[in-house]
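S.K.: Shown below is the structure under consideration.
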Amino acid sequence: MEVQKEAQRIMTLSVWKMYHSRMQRGGLRLHRSLQLSLVMRSARELYLAAKVEALELEAPSPPAPCPQDPRLHQAREAEVPAACPPPDGEPPEPMDAQEAAEEAAAPPRAAELPARCSLRPARVGRKRRSSSNPSDGVDAGLAPSKKARLEEQEASAEPPGRLPPASAPAEGAFPNLARVLQRSFSGLLSRGPAAAPTAPPARDATPACRAADPVLRVLVRTVVAF
Amino acid sequence: QTLDKKAVTSLILKEIHFPKPKAPTDIISTVEFNHTGELLATGDKGGRVVIFQREQESKNQVHRRGEYNVYSTFQSHEPEFDYLKSLEIEEKINKIRWLPQQNAAYFLLSTNDKTVKLWKVSERDKRPEGYNLKDEEGRLRDPATITTLRVPVLRPMDLMVEATPRRVFANAHTYHINSISVNSDYETYMSADDLRINLWNFEITNQSFNIVDIKPANMEELTEVITAAEFHPHHCNTFVYSSSKGTIRLCDMRASALCDRHTKFFEEPEDPSNRSFFSEIISSISDVKFSHSGRYIMTRDYLTVKVWDLNMENRPIETYQVHDYLRSKLCSLYENDCIFDKFECVWNGSDSVIMTGSYNNFFRMFDRNTKRDVTLEASRENSKPRAILKPRKVCVGGKRRKDEISVDSLDFSKKILHTAWHPSENIIAVAATNNLYIFQDKVN
């Protein structure tokens, strides 16, 4: 999937930049490291959202008769389904809306799980699994591969002065990514508090998810070491 | 000092460029006029400071109105090595700030990533001659041969400008210093790094006071860093600092010893329609400057310049788009690292015009009263000395007119990060990589 590939590419690029910044005179710069980690985090979230969406497209009709399924099934492009009622009635923040969107998009894989209709705990379990299960290939995709790094080195050998030639008019090198990103983000935020059911377990699950993420852990360790 | 059409077209070029061949260490990293505008200091990546002095206007040569010539050059900082962290400390001069002149000598602060130095720049145009115990070459004389005594006299000599380091303020910053600012009491100054701000007394080098500390207990929770800081021009208890999240905090040192709790907090709510993948990076403020009046602050982030009224915290009073056509190119600019460029911004003497740099050696001026803006270029190819600067225009789409330049043709390796404006006249200094351009109003 295109968005996935672009997000992965940005992630790889960011890791390369982080590595390269260590070699610079003056050592790691805290501000730069922070900015790179922010981009990496956004790319990771986008990658996961796109991955989940891709999986959902592959399995279009979940066989279960759970009443909430049709609403979840309607989740597209990480947009939160407005019809899904907040389980606890709390108004969520936009940031959590995105995480909830990931969860909402994740349910197609609920077919594998027995406890599907009790949505909240199952969601939590699924979210953990989707972000930390190595057998997914998710982490393999996020971890920088040697090949990707070599590609980046070749890419950086181009003359620095000019922008890469635009493949679409007046859009830059990643026209589709730019469009998709714009759509995804504005879709998320335009839904706003009305949409997402932000279950407290999701919030509680988040730190655990973050800790399980090897890439972010590396980043955090880098910043801490500095 | 309004930016009407006539004033803009009257800007002429008086160019100065370093005669050495292009070396990475010649890149100018800071530019600053002193308080009278008589002196202009530049710092470069090689740790050198070059000071230019304005010629006295002479009645004989009215058309050569006060040009700037090299006055003094000295090596301010050398590369150092931190053995504990196995890190090299760059000698690049991050900032220069002048002290107001209090006697015949000039004083300035210059800083690299870790150490601030106070330099005294003074003139020597007389030399003592006629010593008794030494001969003219300085060799000691045998006292037995001295039969008469004479009083040494001062004789004129060729003007020599010497720079001596008077104070070295070291070992106070764990992170990289990004700003220094002289207090209006002229006795103290502050230095800011990514997480902390320290207050110094000019006379005391072995201790400083920490007045801001935003380092979290757990570095994993780090979300923002300090990007710039400045003292209020008149109130010696007030200062501001900007953050990588696009916020500005105003602090009052009378409130407490540690100013972790701000007095005012300036933040503009994010426009959701502008939100993108790189929103967080481009909202980082790269420079903050008080107006000369002290009523406003100006901030520069990647795409805009904003003017804030100190009395209104919830949004800026003015926002100027510097190069909004780059908004759709952010991904490419991330690839070539340009998105991390830190542009500075300056006020003119009357606070009516603001100026900042861009790419392709363009720099922009915005007149706050007439709302006019202009894009100018600092380039040798397009300007000869005494030529009038021609306004430039970037074509953002559709048909490109004859003199316009398209966004894809912009040279992103030519960036103007540092500019300075004379405190009272229409003279500006623009640093374009390793060249310094000085523009003045044309004399009719």
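Note on naming: chains are A, B, ... as they come in the structure tokens, residues start from 1 per chain, ligands start from 1 in the order shown.
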Counting only C-alpha atoms, which residues of chain B come no farther than 8 Å from chain A, as a PyMOL selection string?

M.R.: chain B and resi 87-90+175-176+194+219-220+223-225+244+272-273+275-278+280-281+328-329+331-333+335-336+340+397+408-414

S.K.: Could you list, as a compact mmCIF listing (two decimals) with C-alpha atoms, in the first residue's frame, every residue within 10 Å of Glu425 (chain B), counting only C-alpha atoms and ignoring same-chain residues fewer than 6 positions away?

M.R.:
```
# COMPACT_ATOMS: atom_id res chain seq x y z
CA GLN B 1 10.89 54.77 7.82
CA THR B 36 24.76 53.14 17.64
CA GLY B 37 25.07 51.30 14.36
CA ASN B 348 13.77 48.22 12.05
CA GLY B 349 14.56 51.10 14.36
CA SER B 350 11.03 52.43 14.54
CA GLN B 440 21.70 51.32 2.29
CA ASP B 441 19.20 53.91 1.25
```

S.K.: Skip Trp200 (chain B) itself and residues of its chain fewer than 2 positions away, then list as number ranges by chain all residues within 6 Å of it, counting only C-alpha atoms.

M.R.: B: 188-190, 208

S.K.: When DSSP works through the backbone of this structure, what residues of region 147-305 of chain B end up as strand (DSSP E), shown as number ranges by chain?

M.R.: B: 153-169, 179-182, 188-192, 196-201, 209-213, 226-231, 238-243, 248-252, 264-266, 287-290, 296-300, 304-305

S.K.: So which one's closest to Ile428 (chain B), B:Ile317, B:Ile354, B:Ile226, B:Val407? Using only C-alpha atoms, please.

M.R.: B:Ile354

S.K.: Which residues come within 9 Å of region 54-56 of chain B, counting only C-alpha atoms, excluding same-chain residues fewer than 4 positions away, as a PyMOL selection string?

M.R.: chain B and resi 37-40+64-71

S.K.: Got time to write the residues from that selection, all heavy atoms, as an mmCIF file, in the first residue's frame?

M.R.:
```cif
data_model
loop_
_atom_site.group_PDB
_atom_site.id
_atom_site.type_symbol
_atom_site.label_atom_id
_atom_site.label_comp_id
_atom_site.auth_asym_id
_atom_site.auth_seq_id
_atom_site.Cartn_x
_atom_site.Cartn_y
_atom_site.Cartn_z
ATOM 1 N N GLY B 37 25.003 51.624 15.779
ATOM 2 C CA GLY B 37 25.074 51.296 14.360
ATOM 3 C C GLY B 37 26.422 51.598 13.747
ATOM 4 O O GLY B 37 26.628 51.371 12.553
ATOM 5 N N GLU B 38 27.328 52.075 14.559
ATOM 6 C CA GLU B 38 28.647 52.392 14.034
ATOM 7 C C GLU B 38 29.425 51.126 13.701
ATOM 8 O O GLU B 38 30.235 51.106 12.778
ATOM 9 C CB GLU B 38 29.416 53.225 15.069
ATOM 10 C CG GLU B 38 30.796 53.654 14.608
ATOM 11 C CD GLU B 38 31.737 53.928 15.764
ATOM 12 O OE1 GLU B 38 31.268 53.929 16.929
ATOM 13 O OE2 GLU B 38 32.927 54.146 15.520
ATOM 14 N N LEU B 39 29.179 50.078 14.461
ATOM 15 C CA LEU B 39 29.904 48.827 14.261
ATOM 16 C C LEU B 39 28.956 47.708 13.881
ATOM 17 O O LEU B 39 27.810 47.657 14.329
ATOM 18 C CB LEU B 39 30.646 48.418 15.541
ATOM 19 C CG LEU B 39 31.719 49.360 16.060
ATOM 20 C CD1 LEU B 39 32.321 48.787 17.323
ATOM 21 C CD2 LEU B 39 32.805 49.586 15.021
ATOM 22 N N LEU B 40 29.460 46.803 13.058
ATOM 23 C CA LEU B 40 28.694 45.629 12.650
ATOM 24 C C LEU B 40 29.583 44.417 12.857
ATOM 25 O O LEU B 40 30.691 44.363 12.326
ATOM 26 C CB LEU B 40 28.307 45.754 11.171
ATOM 27 C CG LEU B 40 27.626 44.552 10.532
ATOM 28 C CD1 LEU B 40 26.253 44.328 11.134
ATOM 29 C CD2 LEU B 40 27.492 44.777 9.017
ATOM 30 N N ARG B 64 29.907 59.063 -0.897
ATOM 31 C CA ARG B 64 30.339 57.857 -0.171
ATOM 32 C C ARG B 64 29.862 57.982 1.260
ATOM 33 O O ARG B 64 30.608 58.292 2.166
ATOM 34 C CB ARG B 64 31.873 57.752 -0.191
ATOM 35 C CG ARG B 64 32.418 57.383 -1.528
ATOM 36 C CD ARG B 64 33.927 57.455 -1.493
ATOM 37 N NE ARG B 64 34.468 56.559 -0.484
ATOM 38 C CZ ARG B 64 34.781 55.299 -0.699
ATOM 39 N NH1 ARG B 64 34.571 54.771 -1.884
ATOM 40 N NH2 ARG B 64 35.274 54.551 0.271
ATOM 41 N N ARG B 65 28.583 57.754 1.407
ATOM 42 C CA ARG B 65 27.996 58.012 2.706
ATOM 43 C C ARG B 65 28.230 56.832 3.609
ATOM 44 O O ARG B 65 27.567 55.813 3.477
ATOM 45 C CB ARG B 65 26.510 58.264 2.552
ATOM 46 C CG ARG B 65 25.912 59.054 3.689
ATOM 47 C CD ARG B 65 24.433 59.162 3.503
ATOM 48 N NE ARG B 65 23.786 57.898 3.816
ATOM 49 C CZ ARG B 65 22.478 57.799 4.010
ATOM 50 N NH1 ARG B 65 21.724 58.863 3.903
ATOM 51 N NH2 ARG B 65 21.928 56.622 4.272
ATOM 52 N N GLY B 66 29.155 56.977 4.519
ATOM 53 C CA GLY B 66 29.313 56.005 5.594
ATOM 54 C C GLY B 66 29.338 54.561 5.160
ATOM 55 O O GLY B 66 28.412 53.807 5.466
ATOM 56 N N GLU B 67 30.381 54.144 4.478
ATOM 57 C CA GLU B 67 30.487 52.740 4.122
ATOM 58 C C GLU B 67 31.165 51.964 5.249
ATOM 59 O O GLU B 67 31.922 52.511 6.037
ATOM 60 C CB GLU B 67 31.305 52.585 2.842
ATOM 61 C CG GLU B 67 30.606 53.197 1.658
ATOM 62 C CD GLU B 67 31.377 52.982 0.381
ATOM 63 O OE1 GLU B 67 32.544 52.565 0.445
ATOM 64 O OE2 GLU B 67 30.795 53.258 -0.684
ATOM 65 N N TYR B 68 30.891 50.689 5.278
ATOM 66 C CA TYR B 68 31.444 49.839 6.325
ATOM 67 C C TYR B 68 32.716 49.156 5.841
ATOM 68 O O TYR B 68 32.742 48.534 4.781
ATOM 69 C CB TYR B 68 30.414 48.789 6.747
ATOM 70 C CG TYR B 68 29.300 49.350 7.605
ATOM 71 C CD1 TYR B 68 28.196 49.968 7.032
ATOM 72 C CD2 TYR B 68 29.368 49.284 8.993
ATOM 73 C CE1 TYR B 68 27.195 50.507 7.822
ATOM 74 C CE2 TYR B 68 28.368 49.802 9.792
ATOM 75 C CZ TYR B 68 27.284 50.416 9.204
ATOM 76 O OH TYR B 68 26.287 50.938 9.986
ATOM 77 N N ASN B 69 33.761 49.282 6.624
ATOM 78 C CA ASN B 69 35.028 48.619 6.303
ATOM 79 C C ASN B 69 35.479 47.784 7.484
ATOM 80 O O ASN B 69 35.105 48.048 8.634
ATOM 81 C CB ASN B 69 36.089 49.661 5.971
ATOM 82 C CG ASN B 69 35.701 50.467 4.759
ATOM 83 O OD1 ASN B 69 35.355 49.913 3.721
ATOM 84 N ND2 ASN B 69 35.725 51.783 4.900
ATOM 85 N N VAL B 70 36.342 46.835 7.189
ATOM 86 C CA VAL B 70 36.798 45.928 8.246
ATOM 87 C C VAL B 70 37.555 46.722 9.302
ATOM 88 O O VAL B 70 38.453 47.501 8.996
ATOM 89 C CB VAL B 70 37.697 44.818 7.666
ATOM 90 C CG1 VAL B 70 38.213 43.923 8.796
ATOM 91 C CG2 VAL B 70 36.915 43.982 6.668
ATOM 92 N N TYR B 71 37.200 46.496 10.526
ATOM 93 C CA TYR B 71 37.787 47.229 11.655
ATOM 94 C C TYR B 71 38.679 46.308 12.475
ATOM 95 O O TYR B 71 39.769 46.670 12.884
ATOM 96 C CB TYR B 71 36.639 47.786 12.496
ATOM 97 C CG TYR B 71 37.021 48.536 13.732
ATOM 98 C CD1 TYR B 71 37.735 49.726 13.662
ATOM 99 C CD2 TYR B 71 36.627 48.085 14.983
ATOM 100 C CE1 TYR B 71 38.058 50.433 14.805
ATOM 101 C CE2 TYR B 71 36.946 48.784 16.131
ATOM 102 C CZ TYR B 71 37.657 49.951 16.037
ATOM 103 O OH TYR B 71 37.971 50.652 17.168
#
```

S.K.: Please, what distance in Å, to one decimal, runs between CA of Pro269 (chain B) and CA of Glu313 (chain B)?

M.R.: 10.8 Å

S.K.: Tell me, in Å to one decimal, how far CA of Lys245 (chain B) is from CA of Ser284 (chain B).

M.R.: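 Separation of CA of Lys245 (chain B) and CA of Ser284 (chain B): 5.1 Å.
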
S.K.: Leaving out Pro152 (chain B) and any residue of its chain fewer than 5 positions from it, which residues lie within 8 Å of it when counting only C-alpha atoms, given as a ChimeraX atom specification?

M.R.: /B:128-132

S.K.: Using only N, CA and C atoms, please write the residues we just selected to a file, as a PDB file, in the first residue's frame.

M.R.:
```pdb
ATOM      1  N   PRO B 128      54.450  54.197  23.558  1.00  0.00           N
ATOM      2  CA  PRO B 128      55.461  54.880  24.397  1.00  0.00           C
ATOM      3  C   PRO B 128      56.871  54.653  23.840  1.00  0.00           C
ATOM      4  N   GLU B 129      57.633  55.708  23.824  1.00  0.00           N
ATOM      5  CA  GLU B 129      59.014  55.593  23.375  1.00  0.00           C
ATOM      6  C   GLU B 129      59.933  56.294  24.357  1.00  0.00           C
ATOM      7  N   GLY B 130      61.176  55.840  24.406  1.00  0.00           N
ATOM      8  CA  GLY B 130      62.166  56.483  25.275  1.00  0.00           C
ATOM      9  C   GLY B 130      62.232  55.863  26.648  1.00  0.00           C
ATOM     10  N   TYR B 131      62.199  54.579  26.713  1.00  0.00           N
ATOM     11  CA  TYR B 131      62.383  53.930  28.008  1.00  0.00           C
ATOM     12  C   TYR B 131      63.838  54.059  28.432  1.00  0.00           C
ATOM     13  N   ASN B 132      64.054  53.995  29.710  1.00  0.00           N
ATOM     14  CA  ASN B 132      65.413  54.077  30.223  1.00  0.00           C
ATOM     15  C   ASN B 132      66.076  52.722  30.287  1.00  0.00           C
TER      16      ASN B 132
END
```

S.K.: What does the distance from CA of Tyr302 (chain B) to CA of Ser283 (chain B) come to in Å, to one decimal?

M.R.: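 These atoms are spaced 6.7 Å apart.
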
S.K.: Would you mind telling me which residue in B:Glu162, B:Asp337, B:Val240, B:Leu326 lies nearest to Tyr296 (chain B) when using only C-alpha atoms?

M.R.: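 For Tyr296 (chain B), the nearest of the candidates is B:Val240.
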
S.K.: List the spatial neighbours of Ile285 (chain B) as a VMD selection string - criterion: any atom at most 9 Å away, only C-alpha atoms, same-chain residues fewer than 2 positions off excluded.

M.R.: chain B and resid 227 to 228 242 to 248 282 to 283 287 to 288 299 to 302 342

S.K.: Convert the current residue selection to file output with C-alpha atoms, as a short mmCIF file (atom, residue, chain, number, x, y, z; two decimals), in the first residue's frame.

M.R.:
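Output contents, as saved in again.cif:
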```cif
data_model
loop_
_atom_site.label_atom_id
_atom_site.label_comp_id
_atom_site.auth_asym_id
_atom_site.auth_seq_id
_atom_site.Cartn_x
_atom_site.Cartn_y
_atom_site.Cartn_z
CA THR B 227 14.74 27.65 21.19
CA ALA B 228 15.44 31.34 21.90
CA SER B 242 10.31 30.50 22.97
CA SER B 243 9.85 26.77 22.61
CA SER B 244 9.91 24.12 19.94
CA LYS B 245 6.16 23.79 20.33
CA GLY B 246 5.52 27.29 19.07
CA THR B 247 4.83 28.88 22.44
CA ILE B 248 6.37 31.89 24.15
CA ILE B 282 7.30 23.79 11.41
CA SER B 283 5.62 25.34 14.41
CA ASP B 287 13.81 33.31 16.84
CA VAL B 288 12.11 35.72 19.20
CA THR B 299 8.53 35.26 16.50
CA ARG B 300 9.72 33.32 13.47
CA ASP B 301 8.67 29.79 12.73
CA TYR B 302 9.40 27.90 9.54
CA LYS B 342 16.48 28.29 11.82
#
```
